[in-house]
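K.L.:
This is coords39.cif (mmCIF, C-alpha atoms and all ligand atoms).
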```
data_final
#
loop_
_atom_site.label_atom_id
_atom_site.label_comp_id
_atom_site.auth_asym_id
_atom_site.auth_seq_id
_atom_site.Cartn_x
_atom_site.Cartn_y
_atom_site.Cartn_z
CA MET N 1 129.63 45.59 18.34
CA THR N 2 129.16 43.10 21.20
CA ALA N 3 126.22 40.74 20.80
CA PRO N 4 123.52 41.15 23.44
CA SER N 5 123.87 38.78 26.37
CA HIS N 6 120.98 36.80 27.78
CA LEU N 7 120.35 36.20 31.47
CA ILE N 8 117.48 33.78 32.01
CA GLY N 9 115.96 32.67 35.32
CA LEU N 10 113.78 29.72 36.30
CA ILE N 11 111.21 30.56 38.98
CA GLY N 12 109.70 27.63 40.88
CA ALA N 13 109.90 25.40 43.94
CA ASN N 14 112.57 22.76 44.23
CA VAL N 15 114.18 23.69 40.90
CA ALA N 16 117.80 23.39 42.06
CA GLY N 17 118.23 20.09 40.19
CA SER N 18 116.46 21.21 37.01
CA LEU N 19 118.03 20.17 33.70
CA SER N 20 116.86 23.44 32.08
CA PRO N 21 120.04 25.48 32.76
CA LEU N 22 122.32 22.97 31.02
CA LEU N 23 119.84 22.36 28.22
CA HIS N 24 119.45 26.07 27.41
CA GLU N 25 123.09 26.99 27.88
CA ARG N 26 124.42 24.25 25.60
CA GLU N 27 121.96 25.19 22.84
CA ALA N 28 122.94 28.86 23.25
CA ALA N 29 126.64 27.95 23.06
CA ALA N 30 126.00 26.19 19.75
CA HIS N 31 124.58 29.51 18.49
CA GLY N 32 127.60 31.43 19.79
CA LEU N 33 125.39 33.37 22.22
CA ARG N 34 126.37 34.80 25.58
CA TYR N 35 123.65 33.15 27.64
CA ALA N 36 123.44 32.31 31.34
CA TYR N 37 120.50 30.41 32.86
CA ARG N 38 120.04 30.47 36.64
CA THR N 39 117.49 28.91 38.99
CA LEU N 40 115.47 31.24 41.23
CA ASP N 41 114.31 28.67 43.75
CA LEU N 42 111.45 29.76 46.03
CA ASP N 43 112.70 27.52 48.84
CA ALA N 44 116.28 28.78 48.66
CA LEU N 45 115.01 32.39 48.59
CA GLY N 46 112.54 31.85 51.45
CA LEU N 47 109.63 32.92 49.25
CA ALA N 48 106.04 31.70 48.84
CA PRO N 49 104.32 30.94 45.51
CA ASP N 50 102.40 34.22 45.77
CA ASP N 51 105.73 36.09 45.70
CA ALA N 52 106.41 34.93 42.14
CA GLY N 53 105.07 38.10 40.49
CA GLN N 54 107.29 40.36 42.57
CA LEU N 55 110.24 38.00 42.05
CA ALA N 56 109.76 38.30 38.28
CA ARG N 57 109.83 42.11 38.53
CA ASP N 58 112.87 42.06 40.80
CA ALA N 59 114.62 39.75 38.32
CA ALA N 60 113.90 42.19 35.49
CA ARG N 61 115.32 45.03 37.59
CA LEU N 62 118.45 42.98 38.25
CA GLY N 63 119.05 42.52 34.55
CA TYR N 64 117.35 39.21 33.74
CA THR N 65 116.23 39.21 30.12
CA GLY N 66 113.79 36.30 30.30
CA LEU N 67 112.23 33.84 32.72
CA ASN N 68 110.84 30.35 32.75
CA VAL N 69 108.21 29.64 35.38
CA THR N 70 107.28 26.27 36.78
CA HIS N 71 105.27 24.64 39.57
CA PRO N 72 103.75 26.19 41.70
CA CYS N 73 104.09 29.66 40.16
CA LYS N 74 102.54 29.44 36.69
CA GLN N 75 99.38 31.24 37.85
CA SER N 76 100.74 33.42 40.66
CA VAL N 77 103.46 35.00 38.49
CA ILE N 78 100.77 36.68 36.39
CA ALA N 79 100.20 39.31 39.11
CA GLY N 80 103.62 40.81 38.35
CA LEU N 81 103.35 40.90 34.55
CA ASP N 82 102.45 43.78 32.24
CA GLY N 83 100.72 41.66 29.63
CA LEU N 84 99.87 38.15 28.47
CA SER N 85 99.79 36.50 25.08
CA ASP N 86 96.29 35.37 24.08
CA ASP N 87 97.09 31.70 24.68
CA ALA N 88 98.58 32.36 28.14
CA ARG N 89 95.47 34.37 29.02
CA GLU N 90 93.20 31.60 27.79
CA LEU N 91 95.11 28.94 29.71
CA GLY N 92 95.48 31.17 32.77
CA ALA N 93 99.07 29.95 33.04
CA VAL N 94 102.51 31.32 32.17
CA ASN N 95 105.69 29.27 31.82
CA THR N 96 107.74 31.86 29.93
CA VAL N 97 108.20 35.58 30.58
CA VAL N 98 109.73 37.72 27.86
CA ILE N 99 111.38 40.83 29.31
CA ASP N 100 111.58 43.70 26.88
CA THR N 101 113.75 46.51 28.13
CA HIS N 102 113.16 48.76 25.13
CA ASP N 103 109.42 49.00 25.48
CA ARG N 104 108.29 52.18 27.27
CA GLY N 105 104.82 50.85 27.93
CA PRO N 106 102.97 50.78 31.26
CA ARG N 107 105.00 49.50 34.22
CA ARG N 108 104.33 48.37 37.72
CA GLY N 109 106.14 48.75 40.98
CA GLY N 110 107.43 52.29 40.46
CA SER N 111 110.97 51.01 40.22
CA GLY N 112 112.01 53.24 37.38
CA ALA N 113 113.00 50.19 35.35
CA ALA N 114 111.72 50.41 31.79
CA ALA N 115 111.16 46.69 31.45
CA ARG N 116 107.96 45.24 30.09
CA LEU N 117 107.18 41.69 31.20
CA THR N 118 104.98 39.61 28.92
CA GLY N 119 103.70 36.17 29.94
CA ARG N 120 103.69 33.42 27.33
CA ASN N 121 102.88 29.72 27.39
CA THR N 122 105.10 27.25 25.57
CA ASP N 123 103.70 24.18 27.34
CA HIS N 124 100.92 23.88 24.77
CA THR N 125 103.04 24.81 21.75
CA GLY N 126 105.67 22.41 23.12
CA PHE N 127 103.29 19.47 23.46
CA ARG N 128 101.91 20.09 19.99
CA ALA N 129 105.40 20.22 18.47
CA ALA N 130 106.40 17.12 20.47
CA LEU N 131 103.39 15.20 19.18
CA LEU N 132 104.07 16.16 15.57
CA GLU N 133 107.81 15.40 15.81
CA GLY N 134 107.74 12.38 18.10
CA LEU N 135 104.58 10.67 16.84
CA PRO N 136 104.25 11.82 13.22
CA GLY N 137 100.95 10.82 11.66
CA ALA N 138 99.38 9.78 14.98
CA ALA N 139 95.63 9.34 14.53
CA LEU N 140 93.71 12.03 16.42
CA GLY N 141 90.13 10.88 15.82
CA THR N 142 89.44 10.20 19.50
CA VAL N 143 91.98 10.99 22.19
CA LEU N 144 91.75 10.32 25.92
CA LEU N 145 93.41 12.78 28.28
CA VAL N 146 93.92 11.75 31.90
CA GLY N 147 94.71 14.71 34.14
CA ALA N 148 93.03 18.11 33.86
CA GLY N 149 95.48 20.28 35.83
CA GLY N 150 98.12 22.65 34.48
CA ALA N 151 99.83 20.24 32.11
CA GLY N 152 96.49 18.70 31.14
CA SER N 153 95.07 22.10 30.14
CA ALA N 154 98.08 22.80 27.91
CA VAL N 155 97.94 19.32 26.37
CA ALA N 156 94.21 19.63 25.72
CA ARG N 157 94.66 22.92 23.94
CA ALA N 158 97.53 21.43 21.91
CA LEU N 159 95.47 18.39 20.91
CA LEU N 160 92.61 20.58 19.72
CA ASP N 161 95.00 22.81 17.79
CA ALA N 162 96.51 19.70 16.23
CA GLY N 163 93.04 18.74 14.99
CA ALA N 164 91.80 16.16 17.52
CA GLY N 165 88.30 15.03 16.59
CA THR N 166 86.96 14.06 20.01
CA LEU N 167 88.81 14.70 23.23
CA LEU N 168 87.69 12.82 26.34
CA VAL N 169 89.03 14.22 29.62
CA ALA N 170 89.22 12.35 32.92
CA ASP N 171 90.60 13.38 36.29
CA ALA N 172 90.61 11.95 39.81
CA GLU N 173 88.69 15.10 40.68
CA PRO N 174 85.76 14.93 38.22
CA ALA N 175 84.95 18.64 38.62
CA ARG N 176 88.37 19.48 37.15
CA ALA N 177 87.68 17.43 34.04
CA GLU N 178 84.27 19.05 33.68
CA GLN N 179 85.69 22.56 34.10
CA LEU N 180 88.41 21.92 31.53
CA ALA N 181 85.89 20.51 29.07
CA ALA N 182 83.70 23.59 29.55
CA ARG N 183 86.66 25.95 29.03
CA LEU N 184 87.72 24.09 25.91
CA ALA N 185 84.25 24.44 24.46
CA GLY N 186 84.99 28.18 24.40
CA HIS N 187 88.29 27.56 22.61
CA ARG N 188 86.52 25.34 20.11
CA ALA N 189 84.26 28.24 19.12
CA GLY N 190 87.31 30.07 17.74
CA ASN N 191 89.11 27.03 16.33
CA PRO N 192 89.04 26.69 12.54
CA ALA N 193 89.52 22.90 12.89
CA ALA N 194 86.17 22.78 14.66
CA ALA N 195 84.34 24.01 11.57
CA ASP N 196 84.05 20.47 10.18
CA GLY N 197 82.80 19.06 13.47
CA ALA N 198 86.23 18.32 14.96
CA GLY N 199 87.21 19.42 18.44
CA ARG N 200 84.39 17.93 20.49
CA VAL N 201 85.32 17.74 24.16
CA ALA N 202 83.65 15.79 26.95
CA ALA N 203 84.49 14.87 30.53
CA VAL N 204 84.43 11.17 31.39
CA VAL N 205 84.81 9.46 34.74
CA LEU N 206 88.17 7.93 35.52
CA ASP N 207 86.80 4.38 35.92
CA GLU N 208 85.65 4.50 32.31
CA VAL N 209 89.12 5.14 30.88
CA PRO N 210 90.01 1.45 30.23
CA THR N 211 86.73 0.82 28.40
CA ARG N 212 86.89 4.16 26.57
CA LEU N 213 90.29 3.09 25.26
CA ALA N 214 88.53 0.59 23.02
CA GLY N 215 87.23 3.42 20.85
CA ALA N 216 90.24 5.74 21.19
CA ASP N 217 93.30 6.23 18.98
CA GLY N 218 95.57 7.51 21.69
CA VAL N 219 95.85 8.45 25.35
CA VAL N 220 97.85 11.07 27.21
CA ASN N 221 98.85 10.95 30.87
CA ALA N 222 98.95 14.47 32.31
CA THR N 223 98.79 13.44 35.96
CA PRO N 224 101.87 13.18 38.19
CA ILE N 225 101.36 9.39 38.42
CA GLY N 226 104.53 7.65 37.31
CA MET N 227 106.93 10.35 38.42
CA VAL N 228 109.44 9.83 41.20
CA GLY N 229 107.46 9.51 44.42
CA HIS N 230 104.19 8.74 42.58
CA PRO N 231 104.55 5.14 41.39
CA GLY N 232 101.96 3.32 39.30
CA THR N 233 99.94 4.04 36.20
CA PRO N 234 97.04 6.52 36.08
CA PHE N 235 94.70 3.86 34.63
CA ASP N 236 94.71 0.12 34.02
CA ALA N 237 97.17 -0.15 31.15
CA SER N 238 96.23 -3.74 30.29
CA ALA N 239 93.61 -2.33 27.90
CA LEU N 240 96.33 -0.91 25.62
CA THR N 241 96.72 -2.56 22.23
CA PRO N 242 99.27 -2.02 19.42
CA ARG N 243 96.91 0.34 17.58
CA HIS N 244 97.01 2.90 20.43
CA TRP N 245 99.59 5.61 20.79
CA VAL N 246 100.49 6.69 24.31
CA ALA N 247 101.98 9.99 25.47
CA ASP N 248 103.22 10.71 28.97
CA VAL N 249 104.07 14.22 30.20
CA VAL N 250 106.00 12.84 33.18
CA TYR N 251 109.73 12.97 32.44
CA ARG N 252 111.34 11.95 35.73
CA PRO N 253 111.82 9.11 34.97
CA LEU N 254 111.41 9.12 31.21
CA GLU N 255 110.47 5.46 31.24
CA THR N 256 107.44 5.60 33.51
CA GLN N 257 105.43 2.49 34.31
CA LEU N 258 102.88 3.63 31.74
CA VAL N 259 105.59 4.06 29.09
CA LYS N 260 106.93 0.58 29.90
CA ALA N 261 103.45 -0.96 29.72
CA ALA N 262 102.73 0.83 26.44
CA LEU N 263 105.99 -0.33 24.86
CA ALA N 264 105.30 -3.88 26.07
CA ALA N 265 101.83 -3.69 24.47
CA GLY N 266 103.38 -2.63 21.14
CA CYS N 267 102.10 0.99 21.21
CA ARG N 268 103.84 3.99 19.69
CA VAL N 269 105.06 6.05 22.62
CA LEU N 270 105.91 9.69 23.28
CA ASP N 271 107.78 10.07 26.56
CA GLY N 272 107.60 13.26 28.63
CA GLY N 273 111.06 14.34 27.51
CA TRP N 274 109.64 15.29 24.12
CA MET N 275 107.37 17.94 25.65
CA ALA N 276 110.08 19.08 28.08
CA VAL N 277 112.50 19.67 25.20
CA ALA N 278 109.95 21.25 22.87
CA GLN N 279 108.71 23.75 25.46
CA ALA N 280 112.35 24.61 26.24
CA ALA N 281 113.09 25.06 22.52
CA ASP N 282 110.04 27.31 22.09
CA SER N 283 111.10 29.41 25.12
CA PHE N 284 114.68 29.62 23.81
CA GLU N 285 113.35 30.95 20.52
CA LEU N 286 111.24 33.58 22.31
CA PHE N 287 114.22 34.67 24.42
CA THR N 288 116.77 34.83 21.61
CA GLY N 289 114.94 35.10 18.29
CA ARG N 290 117.09 32.14 17.14
CA ARG N 291 115.78 28.85 15.79
CA ALA N 292 116.57 26.06 18.24
CA ASP N 293 117.89 22.76 16.89
CA ARG N 294 115.33 20.44 18.49
CA ALA N 295 117.06 17.19 17.55
CA ARG N 296 120.27 18.47 19.13
CA MET N 297 118.37 19.55 22.27
CA ARG N 298 116.60 16.18 22.52
CA ALA N 299 119.93 14.33 22.22
CA HIS N 300 121.40 16.57 24.90
CA PHE N 301 118.36 16.10 27.14
CA LEU N 302 118.65 12.30 26.89
CA GLU N 303 122.33 12.56 27.75
CA LEU N 304 121.57 14.76 30.79
CA ALA N 305 118.71 12.55 31.91
CA ALA N 306 120.89 9.44 31.67
CA ARG N 307 123.61 11.17 33.66
CA ALA N 308 121.06 12.21 36.28
CA GLY N 309 120.18 8.54 36.69
CA THR N 310 116.89 8.83 34.85
CA GLU N 311 115.84 5.83 32.83
CA VAL N 312 115.53 6.59 29.15
CA SER N 313 112.97 5.02 26.88
P1 LIG U 401 98.53 19.62 38.53
O1 LIG U 401 98.55 19.35 39.98
O2 LIG U 401 98.21 20.98 38.03
O3 LIG U 401 97.51 18.60 37.81
C1 LIG U 401 97.52 17.23 38.01
C2 LIG U 401 96.10 16.70 37.81
O4 LIG U 401 96.13 15.28 37.87
C3 LIG U 401 95.12 17.16 38.89
O5 LIG U 401 93.96 17.68 38.29
C4 LIG U 401 94.84 15.90 39.69
O6 LIG U 401 93.52 15.86 40.23
C5 LIG U 401 95.03 14.84 38.64
N1 LIG U 401 95.38 13.53 39.17
C6 LIG U 401 96.28 13.22 40.14
N2 LIG U 401 96.33 11.87 40.32
C7 LIG U 401 95.46 11.34 39.43
C8 LIG U 401 95.08 10.02 39.12
N3 LIG U 401 95.61 8.96 39.76
N4 LIG U 401 94.17 9.82 38.16
C9 LIG U 401 93.61 10.87 37.52
N5 LIG U 401 93.92 12.15 37.77
C10 LIG U 401 94.84 12.38 38.72
O7 LIG U 401 99.97 19.15 38.03
P2 LIG U 401 100.65 19.56 36.62
O8 LIG U 401 101.40 20.82 36.79
O9 LIG U 401 99.62 19.46 35.56
O10 LIG U 401 101.76 18.42 36.48
C11 LIG U 401 101.41 17.08 36.18
C12 LIG U 401 102.66 16.34 35.71
O11 LIG U 401 103.08 16.90 34.47
C13 LIG U 401 103.85 16.45 36.66
O12 LIG U 401 104.48 15.20 36.73
C14 LIG U 401 104.76 17.45 35.95
O13 LIG U 401 106.13 17.23 36.25
C15 LIG U 401 104.47 17.12 34.50
N6 LIG U 401 104.77 18.21 33.56
C16 LIG U 401 105.57 17.90 32.51
C17 LIG U 401 105.88 18.88 31.57
C18 LIG U 401 106.78 18.54 30.42
O14 LIG U 401 107.29 19.47 29.77
N7 LIG U 401 106.98 17.27 30.10
C19 LIG U 401 105.35 20.17 31.70
C20 LIG U 401 104.50 20.43 32.79
C21 LIG U 401 104.22 19.44 33.72
#
```
Would you encode the structure as structure tokens?
P.N.:
Amino acid sequence: MTAPSHLIGLIGANVAGSLSPLLHEREAAAHGLRYAYRTLDLDALGLAPDDAGQLARDAARLGYTGLNVTHPCKQSVIAGLDGLSDDARELGAVNTVVIDTHDRGPRRGGSGAAARLTGRNTDHTGFRAALLEGLPGAALGTVLLVGAGGAGSAVARALLDAGAGTLLVADAEPARAEQLAARLAGHRAGNPAAADGAGRVAAVVLDEVPTRLAGADGVVNATPIGMVGHPGTPFDASALTPRHWVADVVYRPLETQLVKAALAAGCRVLDGGWMAVAQAADSFELFTGRRADRARMRAHFLELAARAGTEVS
């Protein structure tokens, strides 16, 4: 019998240069799978972010068996889905769509296609896995998170699930930090780690980040600051000392100014490539049911990033 083939799409804006197709396809080849990964670029298709839900359904009709979803479609794609995992619902964001063609459950669109589209979120499982693999044993007593947008929400959830004691959230837009802290309070209510008092979350103002670092074990950048076109560091990095760990979610380039400053200060560092690889590995596993070799994917990612001219930490 022929093994099932996988056709995966990436929905988002400006995704033509994404490393995801090569990353997924090489891992699939190592498993002997028939697996093609294509970009479904909003700009190339002349579509708006709000079209993402319909695009996901059209992709399912055309034979796609799974989708990744990235900026700016992680919320808008939900309109076209049949269901969400609990974590995707809680985060209000989907980066992975599992397309099940055997399920005869409720459908939308009246297309006659028997596909069921379920939204998942591997950004938070990816960051958690990245933290555990890339910074084993990192102290999580008090963690500062700068950036309370999409990536920040996933990171926050991951930090709480990993057992963070106190999470302090800052954002250039203070209301975002406050809203995320309020949402996380709800998550804490159902988090077993919170039973012993862990999982406290509070919003802090951005100016306080350097002084708050004095009492923190680690800090995560979940803002776009440091990525190509957004130079700088999201806070004054001169307050970093060797006892801090520093994680950046930005992965273009891998060696952001914050990563450089943290390495120079003697900190343990988790670059954004760790999360990028771990979320890809988690999605691959959802699409194929196979266990991804994360070390192999990380090595491949570093190779691709170096070839793409990205500095590697
Ligand atoms: P977003 O727009 O949803 O959120 C960004 C947040 O940062 C906003 O709340 C904004 O107010 C805040 N912000 C911007 N500048 C700031 C500053 N100087 N100080 C404090 N806060 C500031 O964006 P996003 O989708 O969360 O993406 C953020 C970054 O994360 C991007 O660079 C993206 O490429 C990266 N990302 C990486 C991964 C990965 O797998 N490594 C996954 C998702 C996103």
K.L.:
May I ask for the distance between atom CA of Arg243 of chain N and atom CA of Lys260 of chain N, given in Å to one decimal place?
P.N.:
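Separating atom CA of Arg243 of chain N from atom CA of Lys260 of chain N is a distance of 15.9 Å.
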K.L.:
Compare N:Glu285, N:Glu27, N:Asp100, N:Asp41 by their minimum atom-to-atom distance to Asn14 of chain N, counting only C-alpha atoms, and give me the closest one.
P.N.:
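Using only C-alpha atoms, the shortest distance to Asn14 of chain N belongs to N:Asp41.
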K.L.:
Set the distance at 7 Å and use all atoms listed in the file: which residues neighbour Asn221 of chain N once local chain neighbours fewer than 4 positions away are removed? I'd like the list as a list of chain:residue names.
P.N.:
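These residues fall inside the cut-off: N:Leu145, N:Val146, N:Gly147, N:Ala247, N:Asp248, N:Val249.
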K.L.:
Which residues form the shell of 9 Å around ligand LIG 401 (chain U) when you count all atoms listed in the file, given as a count of residues only?
P.N.:
53
K.L.:
Hey, which of N:Val205, N:Ala129, N:Leu117, N:Leu91 ends up closest to Leu184 of chain N? Count all atoms listed in the file.
P.N.:
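Using all atoms listed in the file, the shortest distance to Leu184 of chain N belongs to N:Leu91.
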K.L.:
Please identify all polymer residues within 12 Å of Gly83 of chain N, counting all atoms listed in the file, omitting same-chain residues fewer than 3 positions from it, and present them as an mmCIF file with C-alpha atoms, in the frame of the given file.
P.N.:
```
data_model
loop_
_atom_site.group_PDB
_atom_site.id
_atom_site.type_symbol
_atom_site.label_atom_id
_atom_site.label_comp_id
_atom_site.auth_asym_id
_atom_site.auth_seq_id
_atom_site.Cartn_x
_atom_site.Cartn_y
_atom_site.Cartn_z
ATOM 1 C CA VAL N 77 103.460 35.000 38.490
ATOM 2 C CA ILE N 78 100.770 36.680 36.390
ATOM 3 C CA ALA N 79 100.200 39.310 39.110
ATOM 4 C CA GLY N 80 103.620 40.810 38.350
ATOM 5 C CA ASP N 86 96.290 35.370 24.080
ATOM 6 C CA ASP N 87 97.090 31.700 24.680
ATOM 7 C CA ALA N 88 98.580 32.360 28.140
ATOM 8 C CA ARG N 89 95.470 34.370 29.020
ATOM 9 C CA VAL N 94 102.510 31.320 32.170
ATOM 10 C CA VAL N 97 108.200 35.580 30.580
ATOM 11 C CA VAL N 98 109.730 37.720 27.860
ATOM 12 C CA ILE N 99 111.380 40.830 29.310
ATOM 13 C CA ASP N 100 111.580 43.700 26.880
ATOM 14 C CA GLY N 105 104.820 50.850 27.930
ATOM 15 C CA PRO N 106 102.970 50.780 31.260
ATOM 16 C CA ARG N 107 105.000 49.500 34.220
ATOM 17 C CA ARG N 108 104.330 48.370 37.720
ATOM 18 C CA ALA N 115 111.160 46.690 31.450
ATOM 19 C CA ARG N 116 107.960 45.240 30.090
ATOM 20 C CA LEU N 117 107.180 41.690 31.200
ATOM 21 C CA THR N 118 104.980 39.610 28.920
ATOM 22 C CA GLY N 119 103.700 36.170 29.940
ATOM 23 C CA ARG N 120 103.690 33.420 27.330
#
```
K.L.:
Which residues come within 12 Å of Arg268 of chain N, counting all atoms listed in the file, excluding same-chain residues fewer than 5 positions away, as an MDAnalysis selection string?
P.N.:
chainID N and resid 131 134:139 217:220 240:248 259:263 313
K.L.:
What is the atom CA of Leu67 of chain N-atom CA of Arg307 of chain N distance in Å, reported with one decimal?
P.N.:
25.4 Å
K.L.:
Listed atoms of segment 276-281 of chain N, axis-aligned box, 3 Å per side: centre and edge lengths to one decimal in Å, as AutoDock Vina command-line options?
P.N.:
```
--center_x 110.9 --center_y 22.1 --center_z 25.3 --size_x 10.4 --size_y 12.0 --size_z 11.6
```
K.L.:
May I ask which of the residues N:Thr256, N:Thr211, N:Thr96, N:Ser283 is the closest one to Val69 of chain N, counting all atoms listed in the file?
P.N.:
N:Thr96
K.L.:
Could you pull the residues within 12 Å of Ala185 of chain N, counting all atoms listed in the file, minus those fewer than 5 positions along the same chain, as a PyMOL selection string?
P.N.:
chain N and resi 90+156-157+160+166-167+178-180+190-191+194+198-203
K.L.:
What's the separation between atom CA of Glu255 of chain N and atom CA of Ala292 of chain N, in Å to one decimal place?
P.N.:
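That distance, rounded to one decimal, is 25.1 Å.
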K.L.:
So which one's closest to Gly309 of chain N, N:Ala48, N:Leu254, N:His6, N:Ala181? Using only C-alpha atoms, please.
P.N.:
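The closest residue to Gly309 of chain N is N:Leu254.
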K.L.:
List every protein, DNA or RNA residue that has at least one atom no more than 12 Å from (128.5, 32.6, 17.8) in the file's coordinates, counting all atoms listed in the file, and write the result as a list in words.
P.N.:
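Neighbouring residues, ordered by chain and number, come to Thr2, Ala3, Pro4, Ser5, Glu27, Ala28, Ala29, Ala30, His31, Gly32, Leu33, Arg34, Tyr35 and Arg290 of chain N.
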K.L.:
What does the file look like for those residues with C-alpha atoms, as a CSV table (one decimal), keeping the file's coordinate frame?
P.N.:
```csv
chain,number,residue,atom,x,y,z
N,2,THR,CA,129.2,43.1,21.2
N,3,ALA,CA,126.2,40.7,20.8
N,4,PRO,CA,123.5,41.2,23.4
N,5,SER,CA,123.9,38.8,26.4
N,27,GLU,CA,122.0,25.2,22.8
N,28,ALA,CA,122.9,28.9,23.2
N,29,ALA,CA,126.6,28.0,23.1
N,30,ALA,CA,126.0,26.2,19.8
N,31,HIS,CA,124.6,29.5,18.5
N,32,GLY,CA,127.6,31.4,19.8
N,33,LEU,CA,125.4,33.4,22.2
N,34,ARG,CA,126.4,34.8,25.6
N,35,TYR,CA,123.6,33.2,27.6
N,290,ARG,CA,117.1,32.1,17.1
```
K.L.:
Which of these, N:Pro253, N:Ala162, N:Val169, N:Leu22, has the shortest distance to Gly229 of chain N once you count all atoms listed in the file?
P.N.:
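Result for the nearest residue to Gly229 of chain N: N:Pro253.
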K.L.:
Rank nothing, just name the residue among N:Leu47, N:Gly17, N:Pro210, N:Gly9 nearest to Ala308 of chain N, using all atoms listed in the file.
P.N.:
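Ranking N:Leu47, N:Gly17, N:Pro210, N:Gly9 by distance to Ala308 of chain N, first place goes to N:Gly17.
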